[in-house]
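Here's the structure, in structure tokens; my notes come after.
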Amino acid sequence: MVVATFAVSGFALWVQGLVGRQAERREYLAPAIGALLFVGLLVPTGQRGFLIALGVMLLAILIANRVIALRMTAVLVIVGVIFIGLTQAVRNEISGTNKLTLSGFVERVQPDQWRDLYSSQIASFNWTVLVEQNREKLEIPNSFVTLVVKPIPRAIYPDKSQGFGEEFTKRVFPGAAAQEVSFATPLITEADYNFGPIGAIIILAALGGFVVLCDRRIAQRAPPLVEPIAAATIFWLLFELIRGDVANALVFSAGWVIPLVIFSRALGLRRDPPLRKVMIDELQVAPRFSGIGRRVAEIGEGLKRDPLPIPLEVKCAKDVVGEMRSVFPEGTTFTTPLRSSRPRVLRILYQQLIAPFFTSASTLLLCPGDQAPVWGRAPLLFVVHDVRRIVAPETAQAGLEAAYYGRVMRFGARRASHILTISEFSKAELTEHLRPGCPVTIVSERPAGIEPVPTTTIESNDPNFLLVGALRTYKGIETVIEAITPEPSEVGEVRVNCVGDSEGEPEYAAGLKRLAGDSGLDGSFHMTGWISDEELRDLYGESIGTISPSSYEGYGLSVSESIAAGLPTIASDIPPHREIGGDAALYFTPGDVAALAALIEGLAADPARRTELAEAARKRHQELLSADRPWALAIGEALESIRESVTPEPVASEQAPQPLAHSDPG
């Protein structure tokens, strides 16, 4: 029965979630089946109170969401009252005859039996009358002491009787006492016995004041998703206290209150408190910065230049905290709940199950890595780089990764207060596939700290090309290997330096090495693994161009860095590469080995063409800089828009939030 008590609020939260997001009708089938199973399991216990409670919850949800009108509400209440009488008739027939027959049931529902059918529902008043009639037989001076010291229901503590229940049973119902049965009397009966009618009225008034206070301080301040459940919980607690004994009221109401409290830890029981802190969740970042690590570094450096008006906290693994401190503003708070971002499963479990409990509703949570907690009280500023795992699941490491990201990204987009993304292409795709209900802003910040390679150097360099990116299947690296001829051409042997870490796909990296070896490219295709930024800059200076062969990207960081370095750029013809490269790059169809080979050979053989493309890259970089929308500016504006949507109660000791100030992004 304890489990059944918790199940009522569970069903309520489930249904309210469906109603709140306007789910399709077919989605209500699962909770409907669960409710029928729930009722079926309760039949042998005879506990109709749980069914009544479930009805109260569902009625509150329907009324709060304006699914039903007042007339239908009255109809449902009347149907519920009739149902209580009919089920009581069944109980009376079975308890009286140990069987159920149609004739016996019909006799039980006759008008002259209605008092018996509904008397148990007004037991509080029946008990009060019985106590008043037998007051002289009772010898307990004040039963409230016993009432308070043992607020445990008899179902859990059989030898305990609350208040004067045991004494009352012995004096008034000696037959029941002989069978070791004792009755726990309702709170109102106890109040009348100890303090008289005036005392009972005072207790009722106190309960009324308690309900009004709870309604104003809890229900009316609750977010819309929780409000009807909070209101129904307050009503049920009052109903249990008036109708039953305190112990049962506390236990059964706890089955509603506890899930509500836990749930409110996720959503916040009070709506929209003022934002007091920004927390950046960087648990994905590993010591050897990949794309996400470099993106986070950009965010940190941007916030150094344009600090936020409220405190900043960074949550990262212990093995990267040193590097994070160097790129974020002074005064940033760092928390390190995990030693490392690997193994991935520990980081995911922490992010999804534990972290939301420790993130308050006054904290803006910034998640920069395509995944965010699916629940939590904190408003979410969600960064989505791309939705490749949804539109191209073959780019994921495994089916499980595609399924995980698909669900997490959809939930994140649904609960986000604002979304940041990195290209028009990504914005269009996430709008189509994630269908967010919040603003989506594009961030475009050119790579910092990259000095353009002199055109004279590009002209005179040996035919070395640079390929930068994680060693993953969708990056198209096999196309580059197949496009390089092992035979020396008239311009000399073409060499490709492939820079990048396997990022959890060591088998793929090993396969690339085998393919290069089998193709006779041991000296022409060099896999460097992860290298430092300084080493990467050196390789830029030794190259005549870069190759970006991916079949899918949300942005194409390697193309952006190549153009910033003033290098001729060869890129696969996909929308994000076109969006960045414009007319300053050479394009080939992803996977087209012959087309890529021709572009490589053409650049290697034509220094004048390299100079032309290098100058085009410099010009394109300036165009992109003029249209930049840096991370710090986008985060600050998102913070401001979220703050404006918050309507906290005025607090005398707090100043109103000040507008953000940013330097000119150009």
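Residue numbers start at 1 in each chain; chains themselves are named A, B, ... in the order of the structure tokens; ligands are numbered from 1 in the order shown.
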Please extract the residues of segment 236-472 of chain A with a backbone DSSP assignment of strand (DSSP E) and present them as an MDAnalysis selection string.
chainID A and resid 277:281 312:315 333:335 363:367 380:383 416:421 440:442 464:468
Please provide as an MDAnalysis selection string all residues within 9 Å of Asp215 of chain A, with the sequence filter that same-chain residues fewer than 5 positions apart are discarded (counting only C-alpha atoms).
chainID A and resid 210 220:221 230:231 234
Selection above as a file: C-alpha atoms, as a PDB file, in the first residue's frame:
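Output below, filename result05.pdb:
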```pdb
ATOM      1  CA  PHE A 210      -2.422  25.919   6.736  1.00  0.00           C
ATOM      2  CA  GLN A 220       0.522  29.638  -6.644  1.00  0.00           C
ATOM      3  CA  ARG A 221       4.302  29.983  -6.986  1.00  0.00           C
ATOM      4  CA  ALA A 230       0.790  20.742  -5.722  1.00  0.00           C
ATOM      5  CA  ALA A 231      -2.796  21.925  -5.299  1.00  0.00           C
ATOM      6  CA  ILE A 234      -2.500  20.105  -0.407  1.00  0.00           C
TER       7      ILE A 234
END
```
Atom CA of Leu434 of chain A and atom CA of Gly369 of chain A are how many Å apart?
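Atom CA of Leu434 of chain A sits 15.5 Å away from atom CA of Gly369 of chain A.
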Contacts of Thr485 of chain A within 9 Å, only C-alpha atoms, excl. fewer than 5 positions in-chain, as an MDAnalysis selection string:
chainID A and resid 493:494 519:521 524 597
Those residues you just picked out, can you put them in a file as a compact mmCIF listing (two decimals), in the first residue's frame with N, CA and C atoms?
```
# COMPACT_ATOMS: atom_id res chain seq x y z
N GLU A 493 56.93 14.35 -54.42
CA GLU A 493 55.97 13.53 -53.68
C GLU A 493 55.06 14.41 -52.82
N VAL A 494 53.74 14.21 -52.96
CA VAL A 494 52.78 14.92 -52.14
C VAL A 494 52.71 14.25 -50.77
N SER A 519 48.67 0.92 -49.20
CA SER A 519 48.69 1.75 -50.41
C SER A 519 50.08 2.27 -50.73
N GLY A 520 51.08 1.88 -49.93
CA GLY A 520 52.44 2.34 -50.17
C GLY A 520 52.67 3.78 -49.80
N LEU A 521 51.93 4.27 -48.81
CA LEU A 521 52.01 5.68 -48.44
C LEU A 521 52.66 5.88 -47.08
N SER A 524 54.16 9.21 -47.14
CA SER A 524 53.37 10.31 -47.70
C SER A 524 52.16 10.67 -46.86
N ALA A 597 41.89 14.11 -55.99
CA ALA A 597 43.26 13.93 -56.49
C ALA A 597 43.62 15.03 -57.48
```
Using only C-alpha atoms, which residue out of A:Ala483, A:Ile458, A:Leu381, A:Ala222 lies closest to Asp606 of chain A?
A:Ile458
Quick one, how far is atom CA of Asp583 of chain A from atom CA of Lys619 of chain A?
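Here the two named atoms are 10.2 Å from each other.
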Calculate how many Å separate atom CA of Gly291 of chain A from atom CA of Ile354 of chain A, rounding to one decimal.
26.0 Å
Find the spatial neighbours of segment 66-78 of chain A, counting only C-alpha atoms, within a cut-off of 10 Å - ignore same-chain residues fewer than 5 positions away - and output them as an NGL selection string.
:A and (19 or 55-56 or 59-61 or 83-84)
Any chance you could export the current selection's N, CA and C atoms as a PDB file, in the first residue's frame?
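Output contents, as saved in part-v3.pdb:
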```
ATOM      1  N   VAL A  19       0.157  16.175 -20.780  1.00  0.00           N
ATOM      2  CA  VAL A  19      -0.754  17.290 -21.045  1.00  0.00           C
ATOM      3  C   VAL A  19       0.035  18.570 -21.275  1.00  0.00           C
ATOM      4  N   GLY A  55      -8.231   9.674  -8.792  1.00  0.00           N
ATOM      5  CA  GLY A  55      -9.251  10.503  -9.436  1.00  0.00           C
ATOM      6  C   GLY A  55      -9.099  11.971  -9.103  1.00  0.00           C
ATOM      7  N   VAL A  56      -8.774  12.282  -7.843  1.00  0.00           N
ATOM      8  CA  VAL A  56      -8.577  13.676  -7.438  1.00  0.00           C
ATOM      9  C   VAL A  56      -7.418  14.294  -8.211  1.00  0.00           C
ATOM     10  N   LEU A  59      -8.397  14.794 -11.868  1.00  0.00           N
ATOM     11  CA  LEU A  59      -9.370  15.877 -11.972  1.00  0.00           C
ATOM     12  C   LEU A  59      -8.678  17.235 -11.845  1.00  0.00           C
ATOM     13  N   ALA A  60      -7.723  17.344 -10.921  1.00  0.00           N
ATOM     14  CA  ALA A  60      -6.971  18.594 -10.759  1.00  0.00           C
ATOM     15  C   ALA A  60      -6.206  18.934 -12.031  1.00  0.00           C
ATOM     16  N   ILE A  61      -5.614  17.924 -12.659  1.00  0.00           N
ATOM     17  CA  ILE A  61      -4.850  18.152 -13.895  1.00  0.00           C
ATOM     18  C   ILE A  61      -5.779  18.609 -15.015  1.00  0.00           C
ATOM     19  N   PHE A  83     -19.859   6.040  -7.715  1.00  0.00           N
ATOM     20  CA  PHE A  83     -18.917   4.913  -7.740  1.00  0.00           C
ATOM     21  C   PHE A  83     -18.524   4.499  -6.324  1.00  0.00           C
ATOM     22  N   ILE A  84     -18.314   5.472  -5.441  1.00  0.00           N
ATOM     23  CA  ILE A  84     -17.966   5.155  -4.050  1.00  0.00           C
ATOM     24  C   ILE A  84     -19.082   4.337  -3.402  1.00  0.00           C
TER      25      ILE A  84
END
```
Between A:Phe357, A:Tyr540, A:Phe328, A:Phe168, which is the closest to Pro452 of chain A once you count only C-alpha atoms?
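Among the listed residues, A:Tyr540 lies closest to Pro452 of chain A.
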With a distance cut-off of 9 Å and only C-alpha atoms, select the neighbouring residues of segment 593-596 of chain A, excluding the residue or stretch itself and same-chain residues fewer than 3 positions from it, and output the selection as a list in words.
Thr479, Val480, Ile481, Glu482, Ala483, Ile484, Pro549, Ile570, Ala571, Ser572, Tyr587, Phe588, Thr589, Pro590, Leu599, Ile600 and Glu601 of chain A
Any chance you could export the current selection's N, CA and C atoms as a compact mmCIF listing (two decimals), in the first residue's frame?
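Everything below was put into result-v7.txt:
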```txt
# COMPACT_ATOMS: atom_id res chain seq x y z
N THR A 479 39.27 8.86 -48.20
CA THR A 479 39.25 9.51 -49.51
C THR A 479 40.59 10.18 -49.80
N VAL A 480 41.17 10.80 -48.76
CA VAL A 480 42.46 11.47 -48.93
C VAL A 480 43.55 10.44 -49.20
N ILE A 481 43.54 9.34 -48.44
CA ILE A 481 44.57 8.31 -48.63
C ILE A 481 44.51 7.77 -50.06
N GLU A 482 43.29 7.51 -50.56
CA GLU A 482 43.15 6.95 -51.90
C GLU A 482 43.49 7.96 -52.98
N ALA A 483 43.37 9.27 -52.66
CA ALA A 483 43.62 10.30 -53.67
C ALA A 483 45.11 10.60 -53.85
N ILE A 484 45.93 10.20 -52.89
CA ILE A 484 47.37 10.51 -52.98
C ILE A 484 48.06 9.39 -53.76
N PRO A 549 37.88 16.74 -45.69
CA PRO A 549 37.09 15.83 -46.54
C PRO A 549 35.81 15.28 -45.91
N ILE A 570 41.10 23.04 -49.56
CA ILE A 570 40.31 22.07 -50.32
C ILE A 570 39.31 21.45 -49.35
N ALA A 571 38.02 21.49 -49.67
CA ALA A 571 37.01 21.02 -48.72
C ALA A 571 35.92 20.26 -49.45
N SER A 572 35.34 19.32 -48.76
CA SER A 572 34.19 18.60 -49.31
C SER A 572 33.03 19.58 -49.47
N TYR A 587 36.24 22.96 -53.89
CA TYR A 587 35.32 21.96 -53.35
C TYR A 587 35.29 20.71 -54.23
N PHE A 588 35.02 19.59 -53.59
CA PHE A 588 34.83 18.32 -54.30
C PHE A 588 33.69 17.56 -53.63
N THR A 589 33.03 16.73 -54.36
CA THR A 589 31.94 15.93 -53.80
C THR A 589 32.50 14.95 -52.77
N PRO A 590 31.91 14.87 -51.58
CA PRO A 590 32.44 13.95 -50.56
C PRO A 590 32.58 12.53 -51.11
N LEU A 599 42.43 18.13 -57.57
CA LEU A 599 42.62 19.39 -56.85
C LEU A 599 43.97 19.40 -56.13
N ILE A 600 44.36 18.28 -55.54
CA ILE A 600 45.65 18.20 -54.84
C ILE A 600 46.79 18.40 -55.83
N GLU A 601 46.71 17.68 -56.96
CA GLU A 601 47.77 17.78 -57.96
C GLU A 601 47.84 19.19 -58.54
```
Here is a test: counting only C-alpha atoms, which residue of A:Thr431, A:Pro568, A:Gly591, A:Ile450 is nearest to Leu536 of chain A?
A:Ile450
Within 9 Å of Leu557 of chain A, counting only C-alpha atoms, which residues qualify if same-chain residues fewer than 2 places away don't, as an MDAnalysis selection string?
chainID A and resid 291 447 468:469 553 555 559:562
Output for the residues just chosen: N, CA and C atoms as a tab-separated table (two decimals), in the first residue's frame:
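Contents of again15.tsv, as written:
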```
chain	number	residue	atom	x	y	z
A	291	GLY	N	37.60	19.08	-30.71
A	291	GLY	CA	36.74	20.19	-31.12
A	291	GLY	C	36.01	20.84	-29.96
A	447	PRO	N	38.69	31.80	-35.36
A	447	PRO	CA	39.78	31.30	-34.51
A	447	PRO	C	40.77	32.41	-34.17
A	468	VAL	N	43.25	18.27	-40.55
A	468	VAL	CA	43.06	18.39	-39.11
A	468	VAL	C	41.64	17.95	-38.74
A	469	GLY	N	41.54	17.04	-37.79
A	469	GLY	CA	40.22	16.60	-37.34
A	469	GLY	C	40.30	15.29	-36.60
A	553	GLU	N	29.42	17.87	-41.30
A	553	GLU	CA	29.90	18.77	-40.25
A	553	GLU	C	28.77	19.72	-39.90
A	555	TYR	N	29.79	22.67	-38.60
A	555	TYR	CA	30.46	23.95	-38.78
A	555	TYR	C	31.70	23.79	-39.66
A	559	VAL	N	38.17	24.15	-41.66
A	559	VAL	CA	38.10	25.10	-42.77
A	559	VAL	C	38.27	26.52	-42.25
A	560	SER	N	37.63	26.82	-41.13
A	560	SER	CA	37.73	28.16	-40.55
A	560	SER	C	39.17	28.47	-40.16
A	561	GLU	N	39.87	27.52	-39.54
A	561	GLU	CA	41.26	27.75	-39.14
A	561	GLU	C	42.18	27.84	-40.35
A	562	SER	N	41.90	27.06	-41.38
A	562	SER	CA	42.71	27.14	-42.60
A	562	SER	C	42.61	28.52	-43.24
```
Counting only C-alpha atoms, figure out which residue out of A:Leu312, A:Asp306, A:Thr473, A:Asp573 gets nearest to Met279 of chain A.
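Checking each of A:Leu312, A:Asp306, A:Thr473, A:Asp573 against Met279 of chain A, counting only C-alpha atoms, the winner is A:Leu312.
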Determine the nearest neighbour of Glu451 of chain A from the options A:Ala413, A:Ile547, A:Ile563, A:Ile33, counting only C-alpha atoms.
A:Ile563
So, with only C-alpha atoms as the atoms that count, which of A:Lys315, A:Val327, A:Asn464, A:Arg435 lies closest to Phe358 of chain A?
A:Lys315
